[in-house]
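Okay, input37.txt is below, compact mmCIF, C-alpha atoms:
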```txt
# COMPACT_ATOMS: atom_id res chain seq x y z
CA MET C 24 46.47 -151.62 -37.69
CA ILE C 25 48.80 -154.30 -39.06
CA GLY C 26 45.98 -156.81 -38.64
CA THR C 27 43.61 -154.61 -40.67
CA ILE C 28 46.11 -154.21 -43.50
CA LEU C 29 46.77 -157.95 -43.45
CA SER C 30 43.06 -158.73 -43.64
CA HIS C 31 42.72 -156.41 -46.66
CA ILE C 32 45.65 -158.13 -48.37
CA ILE C 33 44.21 -161.58 -47.66
CA ARG C 34 40.82 -160.43 -48.96
CA PHE C 35 42.53 -159.12 -52.12
CA PHE C 36 44.15 -162.47 -52.92
CA ALA C 37 41.11 -164.51 -51.91
CA LEU C 38 38.70 -162.48 -54.05
CA ILE C 39 41.04 -162.35 -57.07
CA LEU C 40 41.55 -166.13 -56.97
CA LEU C 41 37.82 -166.72 -56.49
CA GLN C 42 37.16 -164.44 -59.47
CA VAL C 43 39.63 -165.94 -61.95
CA LEU C 44 39.34 -169.57 -60.88
CA VAL C 45 35.59 -169.86 -60.31
CA LEU C 46 33.40 -166.88 -61.13
CA ASP C 47 34.87 -166.10 -64.56
CA HIS C 48 33.83 -169.58 -65.62
CA LEU C 49 30.36 -169.43 -64.14
CA ASP C 50 28.10 -169.19 -67.15
CA VAL C 51 24.65 -168.38 -65.88
CA LEU C 52 22.12 -168.48 -68.74
CA ASN C 53 24.74 -168.77 -71.50
CA GLY C 54 26.87 -165.91 -70.26
CA LEU C 55 23.98 -163.52 -69.73
CA MET C 56 25.12 -162.84 -66.18
CA VAL C 57 28.78 -162.66 -65.16
CA PRO C 58 29.39 -161.71 -61.52
CA TYR C 59 32.48 -159.61 -60.77
CA LEU C 60 32.72 -160.19 -57.03
CA TYR C 61 36.29 -158.85 -56.86
CA VAL C 62 34.85 -155.31 -56.60
CA LEU C 63 33.93 -156.24 -53.01
CA PHE C 64 37.61 -155.77 -52.12
CA LEU C 65 37.49 -152.20 -53.44
CA LEU C 66 34.13 -151.52 -51.80
CA MET C 67 35.48 -152.63 -48.41
CA LEU C 68 38.55 -150.36 -48.42
CA PRO C 69 38.54 -148.06 -45.36
CA PHE C 70 36.94 -144.59 -45.41
CA GLU C 71 40.15 -142.88 -44.25
CA LEU C 72 42.25 -143.99 -47.24
CA PRO C 73 43.56 -140.95 -49.18
CA ALA C 74 42.18 -140.36 -52.67
CA TRP C 75 45.45 -141.14 -54.48
CA ALA C 76 45.72 -144.51 -52.72
CA GLN C 77 42.13 -145.41 -53.56
CA LEU C 78 42.71 -144.66 -57.26
CA ALA C 79 46.05 -146.50 -57.34
CA ILE C 80 44.65 -149.59 -55.58
CA GLY C 81 41.71 -149.58 -57.98
CA ALA C 82 44.01 -149.39 -61.01
CA VAL C 83 46.31 -152.17 -59.78
CA THR C 84 43.38 -154.46 -58.92
CA GLY C 85 41.89 -153.94 -62.36
CA LEU C 86 45.24 -154.57 -64.02
CA VAL C 87 45.67 -157.89 -62.19
CA LEU C 88 42.23 -158.99 -63.41
CA ASP C 89 43.16 -157.87 -66.93
CA VAL C 90 46.31 -159.97 -66.91
CA PHE C 91 44.24 -163.06 -66.11
CA ALA C 92 41.52 -162.26 -68.62
CA SER C 93 43.91 -161.14 -71.44
CA THR C 94 41.99 -157.89 -71.73
CA PRO C 95 44.58 -155.16 -71.05
CA GLY C 96 43.03 -151.95 -69.73
CA MET C 97 39.42 -153.11 -69.58
CA HIS C 98 38.98 -153.95 -65.91
CA MET C 99 41.56 -151.30 -65.08
CA SER C 100 39.49 -148.48 -66.55
CA ALA C 101 36.30 -149.78 -64.94
CA CYS C 102 37.97 -149.99 -61.52
CA VAL C 103 39.49 -146.53 -61.83
CA VAL C 104 36.12 -145.06 -62.79
CA MET C 105 34.48 -146.85 -59.89
CA MET C 106 37.06 -145.67 -57.36
CA TYR C 107 36.74 -142.08 -58.57
CA ALA C 108 32.97 -142.30 -58.26
CA ARG C 109 33.45 -143.83 -54.79
CA LEU C 110 35.13 -140.62 -53.61
CA TRP C 111 32.00 -138.66 -54.58
CA VAL C 112 29.50 -141.25 -53.38
CA LEU C 113 31.19 -141.42 -49.96
CA ARG C 114 31.10 -137.63 -49.73
CA LEU C 115 27.40 -137.54 -50.67
CA LEU C 116 26.39 -140.34 -48.32
CA ALA C 117 28.45 -139.10 -45.34
CA PRO C 118 26.56 -138.70 -42.06
CA ARG C 119 26.31 -135.11 -40.77
CA GLU C 120 29.18 -135.50 -38.31
CA GLY C 121 31.37 -137.45 -40.72
CA TYR C 122 32.24 -141.12 -40.62
CA GLU C 123 32.88 -142.49 -37.15
CA PHE C 124 36.49 -143.48 -36.68
CA GLY C 125 36.90 -147.24 -37.05
CA SER C 126 33.62 -147.74 -38.90
CA ARG C 127 33.86 -149.53 -42.22
CA PRO C 128 31.73 -149.60 -45.36
CA THR C 129 29.89 -152.84 -44.60
CA VAL C 130 26.28 -153.76 -43.93
CA ALA C 131 27.07 -154.51 -40.28
CA HIS C 132 28.58 -151.06 -39.66
CA MET C 133 26.52 -148.74 -41.82
CA GLY C 134 23.11 -150.42 -42.06
CA PHE C 135 21.31 -151.95 -44.98
CA PRO C 136 19.75 -148.85 -46.66
CA TRP C 137 23.08 -147.03 -46.70
CA TYR C 138 24.81 -150.07 -48.14
CA VAL C 139 22.22 -150.60 -50.88
CA THR C 140 22.76 -147.03 -52.11
CA TYR C 141 26.54 -147.15 -51.80
CA ALA C 142 27.29 -150.59 -53.22
CA GLY C 143 24.36 -150.63 -55.64
CA LEU C 144 25.42 -147.37 -57.33
CA LEU C 145 29.10 -148.27 -57.56
CA ILE C 146 28.59 -151.87 -58.72
CA LEU C 147 26.11 -150.75 -61.37
CA LEU C 148 28.51 -148.06 -62.61
CA HIS C 149 31.43 -150.52 -62.71
CA HIS C 150 29.42 -153.14 -64.61
CA LEU C 151 27.92 -150.68 -67.11
CA TRP C 152 31.36 -149.28 -67.87
CA LEU C 153 32.89 -152.75 -68.15
CA PHE C 154 30.20 -154.17 -70.41
CA PHE C 155 30.19 -151.19 -72.77
CA ILE C 156 34.00 -151.06 -72.98
CA GLU C 157 34.00 -154.80 -73.64
CA LEU C 158 31.42 -154.47 -76.42
CA HIS C 159 33.14 -151.39 -77.81
CA ARG C 160 30.05 -150.05 -79.52
CA PHE C 161 26.59 -148.82 -78.64
CA ASP C 162 24.38 -150.54 -81.19
CA ALA C 163 23.14 -153.34 -78.93
CA PHE C 164 22.45 -150.75 -76.25
CA PHE C 165 19.48 -152.25 -74.43
CA GLY C 166 20.74 -155.81 -74.58
CA THR C 167 24.05 -154.79 -73.03
CA PHE C 168 22.32 -152.56 -70.51
CA PHE C 169 20.13 -155.49 -69.50
CA ARG C 170 23.13 -157.81 -69.15
CA ALA C 171 25.05 -155.25 -67.08
CA PHE C 172 22.01 -154.68 -64.88
CA LEU C 173 21.44 -158.39 -64.26
CA SER C 174 25.14 -159.00 -63.58
CA ALA C 175 25.26 -156.05 -61.18
CA GLY C 176 22.31 -157.52 -59.29
CA PHE C 177 24.07 -160.86 -59.13
CA THR C 178 27.32 -159.29 -57.92
CA PHE C 179 25.43 -157.30 -55.29
CA ALA C 180 23.71 -160.43 -54.01
CA LEU C 181 27.08 -162.21 -53.80
CA CYS C 182 28.55 -159.20 -51.93
CA LEU C 183 25.77 -159.44 -49.32
CA LEU C 184 26.20 -163.20 -49.08
CA ALA C 185 29.97 -162.91 -48.65
CA GLN C 186 29.51 -160.37 -45.86
CA PHE C 187 26.95 -162.46 -44.02
CA LEU C 188 29.19 -165.51 -44.28
CA THR C 189 32.25 -163.68 -42.91
CA SER C 190 30.58 -161.20 -40.53
CA GLY C 191 31.46 -163.23 -37.42
CA LYS C 192 35.14 -162.91 -38.24
CA ASP C 193 34.76 -159.18 -38.84
CA ARG C 194 33.46 -158.51 -35.33
CA GLU C 195 36.48 -160.21 -33.81
CA HIS C 196 38.79 -157.87 -35.71
CA ARG C 197 37.06 -154.79 -34.43
CA MET R 25 50.41 -118.39 -60.21
CA ARG R 26 49.62 -119.33 -56.60
CA ASP R 27 45.94 -119.47 -57.44
CA LEU R 28 46.73 -121.88 -60.24
CA PHE R 29 48.67 -124.14 -57.90
CA ARG R 30 45.88 -123.95 -55.34
CA PHE R 31 43.39 -124.88 -58.04
CA LEU R 32 45.53 -127.81 -59.23
CA HIS R 33 45.88 -128.94 -55.63
CA ARG R 34 42.13 -128.83 -55.14
CA ILE R 35 41.39 -130.97 -58.20
CA ARG R 36 44.38 -133.28 -57.66
CA SER R 37 42.25 -136.40 -57.27
CA THR R 38 40.43 -135.64 -60.53
CA LEU R 39 43.77 -135.16 -62.29
CA MET R 40 45.02 -138.45 -60.88
CA PHE R 41 41.82 -140.13 -62.02
CA LEU R 42 42.27 -138.81 -65.54
CA GLY R 43 45.89 -139.98 -65.54
CA TRP R 44 44.93 -143.54 -64.60
CA LEU R 45 42.06 -143.53 -67.08
CA ILE R 46 44.33 -142.42 -69.92
CA LEU R 47 46.86 -145.11 -68.97
CA SER R 48 44.16 -147.78 -69.05
CA PHE R 49 42.93 -146.60 -72.44
CA VAL R 50 46.46 -146.68 -73.81
CA LEU R 51 46.63 -150.31 -72.67
CA LEU R 52 43.18 -151.01 -74.07
CA TYR R 53 44.00 -149.71 -77.54
CA ASN R 54 47.55 -150.98 -77.86
CA GLY R 55 47.50 -154.13 -75.81
CA ASN R 56 44.98 -156.14 -77.77
CA GLU R 57 47.08 -156.36 -80.90
CA HIS R 58 49.33 -159.25 -81.72
CA HIS R 59 52.64 -159.61 -79.90
CA ARG R 60 52.38 -156.32 -78.09
CA ALA R 61 51.48 -157.15 -74.56
CA HIS R 62 53.57 -160.12 -73.62
CA ALA R 63 53.53 -159.20 -69.94
CA ILE R 64 49.81 -158.45 -69.93
CA SER R 65 48.55 -161.66 -71.40
CA SER R 66 47.69 -165.09 -70.13
CA SER R 67 50.89 -166.54 -71.65
CA ASN R 68 52.65 -164.90 -68.71
CA SER R 69 54.04 -167.88 -66.80
CA MET R 70 52.77 -166.88 -63.36
CA VAL R 71 49.27 -166.36 -64.67
CA GLY R 72 49.46 -169.60 -66.61
CA THR R 73 50.45 -171.44 -63.46
CA VAL R 74 47.48 -170.08 -61.50
CA LEU R 75 45.09 -170.90 -64.32
CA SER R 76 46.49 -174.44 -64.58
CA TRP R 77 45.55 -175.04 -60.90
CA ARG R 78 41.96 -174.69 -61.88
CA LYS R 79 42.47 -176.98 -64.83
CA GLU R 80 43.95 -179.70 -62.62
CA VAL R 81 40.69 -179.79 -60.67
CA THR R 82 38.28 -179.57 -63.58
CA ASP R 83 40.24 -182.15 -65.59
CA TYR R 84 38.86 -184.90 -63.35
CA ALA R 85 35.32 -183.91 -64.14
CA ASN R 86 36.00 -184.06 -67.88
CA LEU R 87 37.96 -187.33 -67.96
CA LYS R 88 35.06 -189.38 -69.22
CA GLU R 89 34.33 -187.08 -72.13
CA VAL R 90 38.03 -186.71 -72.99
CA ASN R 91 38.50 -190.48 -72.95
CA ARG R 92 35.57 -190.96 -75.28
CA ALA R 93 36.88 -188.37 -77.75
CA LEU R 94 40.39 -189.85 -77.64
CA ALA R 95 39.07 -193.36 -78.16
CA GLU R 96 37.04 -192.21 -81.15
CA GLU R 97 40.02 -190.47 -82.61
CA ASN R 98 42.23 -193.51 -81.99
CA ALA R 99 39.69 -195.62 -83.82
CA ALA R 100 39.68 -193.21 -86.73
CA TRP R 101 43.47 -193.31 -86.99
CA ARG R 102 43.52 -197.07 -86.58
CA ASN R 103 41.17 -197.36 -89.52
CA ARG R 104 43.76 -195.64 -91.63
CA HIS R 105 46.67 -197.65 -90.29
CA ILE R 106 48.53 -199.93 -92.66
CA SER R 107 47.56 -203.05 -90.71
CA THR R 108 43.86 -202.63 -91.49
CA TYR R 109 44.54 -202.82 -95.23
CA THR R 110 45.09 -205.99 -97.17
CA PRO R 111 47.21 -205.59 -100.26
CA VAL R 112 45.10 -206.02 -103.39
CA GLU R 113 48.02 -207.08 -105.53
CA GLY R 114 51.63 -207.79 -104.74
CA LEU R 115 53.53 -205.73 -102.18
CA PHE R 116 55.61 -202.80 -103.29
CA ALA R 117 58.71 -201.82 -101.39
CA ARG R 118 58.77 -198.10 -100.67
CA ILE R 119 62.30 -196.81 -100.83
CA GLN R 120 61.89 -193.07 -100.98
CA ASP R 121 58.65 -191.21 -101.41
CA THR R 122 59.21 -188.49 -103.95
CA ILE R 123 55.51 -187.89 -104.63
CA ARG R 124 54.60 -186.44 -101.24
CA ARG R 125 56.46 -184.38 -98.72
CA GLN R 126 55.39 -183.36 -95.27
CA GLU R 127 53.96 -179.86 -95.22
CA TYR R 128 52.53 -179.58 -91.71
CA ARG R 129 53.45 -180.93 -88.32
CA VAL R 130 51.00 -180.91 -85.41
CA ILE R 131 51.85 -180.42 -81.75
CA THR R 132 49.29 -181.61 -79.20
CA ALA R 133 48.52 -179.27 -76.33
CA LYS R 134 46.02 -179.11 -73.54
CA VAL R 135 43.66 -176.19 -72.98
CA VAL R 136 44.31 -174.82 -69.49
CA ASN R 137 41.92 -171.92 -69.67
CA SER R 138 39.32 -170.77 -72.12
CA THR R 139 36.41 -168.38 -72.34
CA TRP R 140 33.49 -168.47 -74.73
CA HIS R 141 30.85 -166.20 -73.26
CA LYS R 142 32.69 -162.90 -73.65
CA GLN R 143 32.80 -160.44 -76.51
CA LYS R 144 36.45 -161.30 -77.17
CA ASN R 145 37.47 -164.80 -76.21
CA HIS R 146 40.91 -166.23 -75.48
CA ILE R 147 42.38 -169.65 -74.80
CA THR R 148 45.55 -170.57 -72.90
CA LEU R 149 47.48 -173.74 -73.79
CA ASP R 150 49.92 -175.66 -71.60
CA LYS R 151 52.77 -175.69 -74.13
CA GLY R 152 54.94 -172.87 -75.40
CA THR R 153 58.16 -172.13 -77.20
CA LYS R 154 59.84 -175.15 -75.55
CA ALA R 155 57.46 -177.38 -77.51
CA GLY R 156 58.01 -175.35 -80.69
CA ILE R 157 54.93 -173.15 -80.49
CA HIS R 158 55.25 -169.53 -81.56
CA GLY R 159 52.95 -166.74 -82.63
CA ASP R 160 50.63 -166.95 -85.68
CA MET R 161 50.27 -170.72 -85.65
CA GLY R 162 46.84 -172.23 -86.23
CA VAL R 163 45.09 -174.25 -83.54
CA ILE R 164 42.63 -176.98 -84.55
CA GLY R 165 40.54 -179.36 -82.51
CA PRO R 166 39.29 -182.84 -83.37
CA GLU R 167 36.25 -181.40 -85.21
CA GLY R 168 37.39 -178.09 -86.64
CA ILE R 169 39.42 -174.93 -86.20
CA VAL R 170 39.82 -173.39 -82.74
CA GLY R 171 41.96 -170.26 -83.02
CA VAL R 172 45.32 -168.66 -83.76
CA VAL R 173 48.29 -168.46 -81.37
CA ARG R 174 48.85 -164.86 -80.40
CA ASP R 175 51.86 -165.16 -78.17
CA ALA R 176 53.89 -167.89 -76.48
CA SER R 177 56.15 -167.99 -73.44
CA ALA R 178 58.40 -170.91 -72.52
CA ASN R 179 55.62 -173.13 -71.20
CA PHE R 180 52.33 -171.49 -72.18
CA ALA R 181 50.70 -170.08 -75.27
CA ALA R 182 47.93 -167.48 -75.53
CA VAL R 183 45.47 -168.21 -78.31
CA ILE R 184 42.90 -165.89 -79.87
CA SER R 185 39.77 -168.02 -80.15
CA VAL R 186 37.70 -168.05 -83.34
CA LEU R 187 35.07 -166.54 -81.04
CA ASN R 188 36.86 -163.22 -81.21
CA PRO R 189 36.22 -160.46 -83.76
CA ASP R 190 39.95 -159.58 -83.75
CA ILE R 191 40.79 -162.39 -86.17
CA LYS R 192 39.42 -163.11 -89.60
CA THR R 193 40.28 -166.49 -91.08
CA SER R 194 40.31 -167.17 -94.79
CA VAL R 195 37.71 -169.88 -95.53
CA GLN R 196 36.07 -171.38 -98.60
CA MET R 197 33.01 -173.41 -99.50
CA ARG R 198 34.00 -177.04 -99.96
CA ARG R 199 31.41 -177.60 -102.72
CA THR R 200 31.79 -174.50 -104.88
CA GLY R 201 35.22 -173.15 -103.92
CA HIS R 202 34.01 -169.60 -103.27
CA PHE R 203 36.12 -168.01 -100.58
CA GLY R 204 35.47 -165.44 -97.88
CA LEU R 205 36.41 -164.58 -94.35
CA LEU R 206 35.27 -166.17 -91.11
CA PHE R 207 34.30 -163.35 -88.79
CA TRP R 208 32.66 -163.81 -85.40
CA ASP R 209 29.99 -161.15 -85.03
CA THR R 210 27.15 -163.36 -83.88
CA ASN R 211 28.09 -163.23 -80.17
CA ASP R 212 26.96 -166.82 -79.91
CA PRO R 213 29.55 -169.51 -79.09
CA LEU R 214 27.95 -172.05 -81.43
CA THR R 215 27.75 -169.97 -84.62
CA SER R 216 29.84 -167.53 -86.65
CA SER R 217 29.55 -165.51 -89.85
CA VAL R 218 31.23 -165.82 -93.22
CA ILE R 219 31.60 -162.46 -94.93
CA ASP R 220 32.80 -161.24 -98.32
CA ILE R 221 31.19 -163.97 -100.43
CA ALA R 222 29.64 -162.27 -103.44
CA LYS R 223 25.92 -162.64 -104.13
CA HIS R 224 26.31 -164.52 -107.40
CA ALA R 225 27.81 -167.51 -105.57
CA ARG R 226 25.20 -170.18 -105.06
CA ILE R 227 25.46 -171.09 -101.42
CA ALA R 228 23.01 -173.63 -100.03
CA VAL R 229 22.08 -174.33 -96.45
CA GLY R 230 24.09 -177.38 -95.34
CA ASP R 231 27.22 -176.56 -97.37
CA THR R 232 30.47 -177.32 -95.57
CA VAL R 233 32.89 -174.47 -94.91
CA GLU R 234 36.60 -175.31 -94.74
CA THR R 235 39.85 -173.38 -94.36
CA ARG R 236 41.39 -172.08 -97.53
CA GLY R 237 45.01 -172.59 -96.53
CA GLY R 238 47.90 -170.76 -98.07
CA ASP R 239 48.18 -168.29 -95.21
CA GLY R 240 50.70 -170.44 -93.36
CA ILE R 241 48.38 -170.65 -90.37
CA PHE R 242 45.89 -173.38 -91.20
CA PRO R 243 46.32 -176.22 -93.68
CA ALA R 244 43.80 -176.19 -96.53
CA GLY R 245 40.63 -178.21 -96.08
CA VAL R 246 40.19 -178.23 -92.30
CA THR R 247 36.47 -178.28 -91.51
CA VAL R 248 35.13 -175.07 -90.00
CA GLY R 249 31.37 -175.37 -89.98
CA VAL R 250 28.14 -175.95 -91.83
CA VAL R 251 26.04 -173.18 -93.41
CA GLU R 252 22.95 -172.57 -91.34
CA THR R 253 21.31 -169.52 -92.92
CA VAL R 254 21.98 -167.50 -96.07
CA GLU R 255 20.40 -164.07 -96.25
CA ASP R 256 20.61 -161.48 -99.01
CA GLU R 257 20.15 -158.01 -97.69
CA PRO R 258 19.14 -155.47 -100.32
CA GLY R 259 21.86 -152.94 -101.06
CA SER R 260 24.76 -155.26 -100.30
CA ASN R 261 26.86 -157.11 -102.82
CA TYR R 262 27.57 -159.92 -100.42
CA HIS R 263 25.69 -162.76 -98.83
CA THR R 264 25.06 -162.66 -95.09
CA ILE R 265 25.95 -166.21 -94.11
CA THR R 266 25.68 -167.73 -90.66
CA ILE R 267 27.42 -171.03 -90.06
CA ARG R 268 27.28 -173.52 -87.21
CA LEU R 269 30.82 -174.21 -85.99
CA CYS R 270 31.84 -177.88 -86.01
CA GLU R 271 34.15 -177.56 -83.04
CA ASP R 272 32.29 -177.10 -79.77
CA MET R 273 34.15 -174.09 -78.38
CA THR R 274 32.51 -174.47 -75.00
CA ARG R 275 34.51 -177.64 -74.41
CA GLY R 276 38.11 -177.84 -73.20
CA GLY R 277 40.44 -180.78 -73.68
CA PHE R 278 43.19 -181.42 -76.21
CA VAL R 279 43.92 -179.38 -79.32
CA TYR R 280 46.51 -179.54 -82.09
CA VAL R 281 48.80 -176.64 -82.92
CA VAL R 282 49.69 -176.63 -86.61
CA ASP R 283 53.28 -175.91 -87.57
CA ASP R 284 53.75 -175.05 -91.24
CA LEU R 285 57.19 -176.45 -92.11
CA ARG R 286 57.63 -174.17 -95.12
CA ARG R 287 56.40 -171.06 -93.37
CA MET R 288 59.80 -169.38 -93.24
CA GLU R 289 60.43 -169.87 -96.95
CA ARG R 290 57.03 -168.51 -97.94
CA ASP R 291 57.21 -165.51 -95.60
CA THR R 292 60.67 -164.52 -96.82
CA LEU R 293 59.55 -164.73 -100.44
CA GLN R 294 56.37 -162.74 -99.81
CA GLN R 295 58.18 -160.07 -97.85
CA ALA R 296 60.84 -159.70 -100.53
CA ASN R 297 58.12 -159.17 -103.14
CA THR R 298 55.93 -156.67 -101.33
CA PRO R 299 56.80 -153.15 -102.41
```

This entry written out as C-alpha cells:
Amino acid sequence: MIGTILSHIIRFFALILLQVLVLDHLDVLNGLMVPYLYVLFLLMLPFELPAWAQLAIGAVTGLVLDVFASTPGMHMSACVVMMYARLWVLRLLAPREGYEFGSRPTVAHMGFPWYVTYAGLLILLHHLWLFFIELHRFDAFFGTFFRAFLSAGFTFALCLLAQFLTSGKDREHR
Amino acid sequence: MRDLFRFLHRIRSTLMFLGWLILSFVLLYNGNEHHRAHAISSSNSMVGTVLSWRKEVTDYANLKEVNRALAEENAAWRNRHISTYTPVEGLFARIQDTIRRQEYRVITAKVVNSTWHKQKNHITLDKGTKAGIHGDMGVIGPEGIVGVVRDASANFAAVISVLNPDIKTSVQMRRTGHFGLLFWDTNDPLTSSVIDIAKHARIAVGDTVETRGGDGIFPAGVTVGVVETVEDEPGSNYHTITIRLCEDMTRGGFVYVVDDLRRMERDTLQQANTP
C-alpha cells in the first residue's frame, strides 16, 4: 500500500518535471502540437480512489502546472473537467462485475481496446478544453480543434510509449 | 428536508466539481492581470529555481550563438568608444556635462525560461528586486523590444513577452512619426500587428517601427520591427499593419531591463494631475 502511494508520488514529480523542463519546450511544427504528458499521472490513479480525492488531486496537479506556465487557472480547470469526466467514463466502461481489486487503468491490466476508449476520450477532452480556454475565443474554431486533436494524438502516443517503457517495473509492484 | 440532504449527498461529486471549476475560473480571470498573482507566477523563487536547472543544461548548447552575439555587440560598442576617434581639432577638457543627463539605466539579465508558441507568452529572467528590477520596466534585446516586467521576486522576474495580447506598447513610425499600438494578434512568433494608425497616414512596406517612449517603460526610438504588409479593410478608419519583429523571440540569451531614472517624478506628477 505504502509502495503504491510512493510510486504515485514519484510518478507525479517525474511527470511534472518532464513536462515543464522538456515537453513544454518541444515545438513540433512551430507549436502546432504540444504534448501534455502529465495527464498520464491522473489517468493512472487507482479505480478505488473516492471522487473528492480524484477532483482534488486533479485540481492540485493543474495548479502546479499553472504555476510553472504562468497561466493561473488554465491547466487547473482542464484537469478538474477531465477528472470529473473520468468518474463518468470509468462508470460507463466498468466490466459487468465491477473492477477487479488490484487492477489498474493501464494497457497491461485492462487491454488495449479498453485503454484506447478510456485514455483517448479523456485526453481529447482535456486538450480541447485547454486549447479553447487558452485561446479564449471561438473564431479560429477549426484551427484550434485541429491543433487540440493532433496534440491529443501525440500525448496518447507518449502515454503508450511511457507505459511500454516502464511496464516491467509495474509487474514487480503487483 | 431529508430528501434535500439525500439529493445533495447524491450529487456531492458534481457539487465538488463545480466548486473546483469556479475556483479555477476565479484564478483564470483575476490572476492574469499585473501584480495580482505573485504566488502563482514564474517569479516564484522555487519555480524559478526549477526552471533555471533546465537553463543550465541548454545554455551549453547555445554558447556558440551567445558568444557570436556578444562579440558583435562588443564590436559595436568598441566602434563608439573614445579610443576609436581621433580628435579633429584640439582637445577639449570636459569638466561637467550640462547638456546631457542620464535618463535610462540598463540592467543585464539572462532569460531562464521563455515560451513563444503559446497564445499568451511569458519570459522568466534570472534577476529580481535585488538587482533593482521591479514591475512595469521595459525589457529589450540586442535587436529590439522583448517585453514588460510583470512582477519580480528577490532573484527572478516574470516578464510578459511582446508575444502576448495582454500588453499593448506605444510605437511610432520612424519615418513619418505616426503613432499606434503594438498588439500581438497574429499568433506567429515572428510577426505582430500595429493598430490604431489612421488611414490617411502614408505607411510603406519596409518602414521601421520604433518605440514612442514617454510611458516610462521603454526609451524612445528602440527598434521594434519592419512593416511587412499594409492592408486597408473597407469600413475601418485604420490601417491593418503587420510587422516583422526585429528581435527573434524564439531565441533565449541575454536581455536588458530598462530602468527609467525619472520614472518616480513623472508618475507622481501624472497621478497628481489625473482627476

(message) Could you tell me which residues of chain C sit within 7 Å of chain R when counting all atoms listed in the file, and give me the result as a PyMOL selection string?
(response) chain C and resi 44+53-54+74-75+78+82+90-97+99-100+103+107+157-158

Residue selection dump (C-alpha atoms) as a JSON list (two decimals), keeping the file's coordinate frame:
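What ended up in result-v5.json:
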```
[["chain", "number", "residue", "atom", "x", "y", "z"],
["C", 44, "LEU", "CA", 39.34, -169.57, -60.88],
["C", 53, "ASN", "CA", 24.74, -168.77, -71.50],
["C", 54, "GLY", "CA", 26.87, -165.91, -70.26],
["C", 74, "ALA", "CA", 42.18, -140.36, -52.67],
["C", 75, "TRP", "CA", 45.45, -141.14, -54.48],
["C", 78, "LEU", "CA", 42.71, -144.66, -57.26],
["C", 82, "ALA", "CA", 44.01, -149.39, -61.01],
["C", 90, "VAL", "CA", 46.31, -159.97, -66.91],
["C", 91, "PHE", "CA", 44.24, -163.06, -66.11],
["C", 92, "ALA", "CA", 41.52, -162.26, -68.62],
["C", 93, "SER", "CA", 43.91, -161.14, -71.44],
["C", 94, "THR", "CA", 41.99, -157.89, -71.73],
["C", 95, "PRO", "CA", 44.58, -155.16, -71.05],
["C", 96, "GLY", "CA", 43.03, -151.95, -69.73],
["C", 97, "MET", "CA", 39.42, -153.11, -69.58],
["C", 99, "MET", "CA", 41.56, -151.30, -65.08],
["C", 100, "SER", "CA", 39.49, -148.48, -66.55],
["C", 103, "VAL", "CA", 39.49, -146.53, -61.83],
["C", 107, "TYR", "CA", 36.74, -142.08, -58.57],
["C", 157, "GLU", "CA", 34.00, -154.80, -73.64],
["C", 158, "LEU", "CA", 31.42, -154.47, -76.42]]
```

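Reported to one decimal place, the separation of atom CA of R:Lys192 from atom CA of R:Arg226 is 22.2 Å.
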
Give as a PDB file with C-alpha atoms, in the coordinates of the input the set of residues within 12 Å of the point (39.3, -164.4, -55.1), where distances use the file's coordinates and all atoms listed in the file.
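Contents of point05.pdb, freshly written:
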```pdb
ATOM      1  CA  ILE C  32      45.650-158.130 -48.370  1.00  0.00           C
ATOM      2  CA  ILE C  33      44.210-161.580 -47.660  1.00  0.00           C
ATOM      3  CA  ARG C  34      40.820-160.430 -48.960  1.00  0.00           C
ATOM      4  CA  PHE C  35      42.530-159.120 -52.120  1.00  0.00           C
ATOM      5  CA  PHE C  36      44.150-162.470 -52.920  1.00  0.00           C
ATOM      6  CA  ALA C  37      41.110-164.510 -51.910  1.00  0.00           C
ATOM      7  CA  LEU C  38      38.700-162.480 -54.050  1.00  0.00           C
ATOM      8  CA  ILE C  39      41.040-162.350 -57.070  1.00  0.00           C
ATOM      9  CA  LEU C  40      41.550-166.130 -56.970  1.00  0.00           C
ATOM     10  CA  LEU C  41      37.820-166.720 -56.490  1.00  0.00           C
ATOM     11  CA  GLN C  42      37.160-164.440 -59.470  1.00  0.00           C
ATOM     12  CA  VAL C  43      39.630-165.940 -61.950  1.00  0.00           C
ATOM     13  CA  LEU C  44      39.340-169.570 -60.880  1.00  0.00           C
ATOM     14  CA  VAL C  45      35.590-169.860 -60.310  1.00  0.00           C
ATOM     15  CA  LEU C  46      33.400-166.880 -61.130  1.00  0.00           C
ATOM     16  CA  ASP C  47      34.870-166.100 -64.560  1.00  0.00           C
ATOM     17  CA  TYR C  59      32.480-159.610 -60.770  1.00  0.00           C
ATOM     18  CA  LEU C  60      32.720-160.190 -57.030  1.00  0.00           C
ATOM     19  CA  TYR C  61      36.290-158.850 -56.860  1.00  0.00           C
ATOM     20  CA  VAL C  62      34.850-155.310 -56.600  1.00  0.00           C
ATOM     21  CA  LEU C  63      33.930-156.240 -53.010  1.00  0.00           C
ATOM     22  CA  PHE C  64      37.610-155.770 -52.120  1.00  0.00           C
ATOM     23  CA  THR C  84      43.380-154.460 -58.920  1.00  0.00           C
ATOM     24  CA  VAL C  87      45.670-157.890 -62.190  1.00  0.00           C
ATOM     25  CA  LEU C  88      42.230-158.990 -63.410  1.00  0.00           C
ATOM     26  CA  ALA C 185      29.970-162.910 -48.650  1.00  0.00           C
TER      27      ALA C 185
ATOM     28  CA  VAL R  74      47.480-170.080 -61.500  1.00  0.00           C
TER      29      VAL R  74
END
```

message = I'd like the contact shell of stretch 134-151 of chain C - 10 Å cut-off, all atoms listed in the file, skipping same-chain residues fewer than 5 positions apart - returned as a VMD selection string.
response = chain C and resid 57 to 60 62 to 63 66 to 67 98 100 to 109 112 to 113 115 to 117 128 to 129 156 to 157 167 to 176 178 to 180 182 to 183

(message) Distance cut-off 10 Å, centre (41.8, -175.4, -85.5) in file coordinates, counting only C-alpha atoms: which residues qualify? Return them as a ChimeraX atom specification.
(response) /R:161-172,185-186,235,241-243,246-248,271,279-282

What does the distance between atom CA of R:Asp160 and atom CA of R:Asp175 come to in Å, to one decimal place?
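Between atom CA of R:Asp160 and atom CA of R:Asp175 the gap works out to 7.8 Å.
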
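Of the listed residues C:Gln77, C:Ser30, C:Gln186, C:Ser126, the one whose atoms come nearest to C:Leu65 is C:Gln77, with distances taken using all atoms listed in the file.
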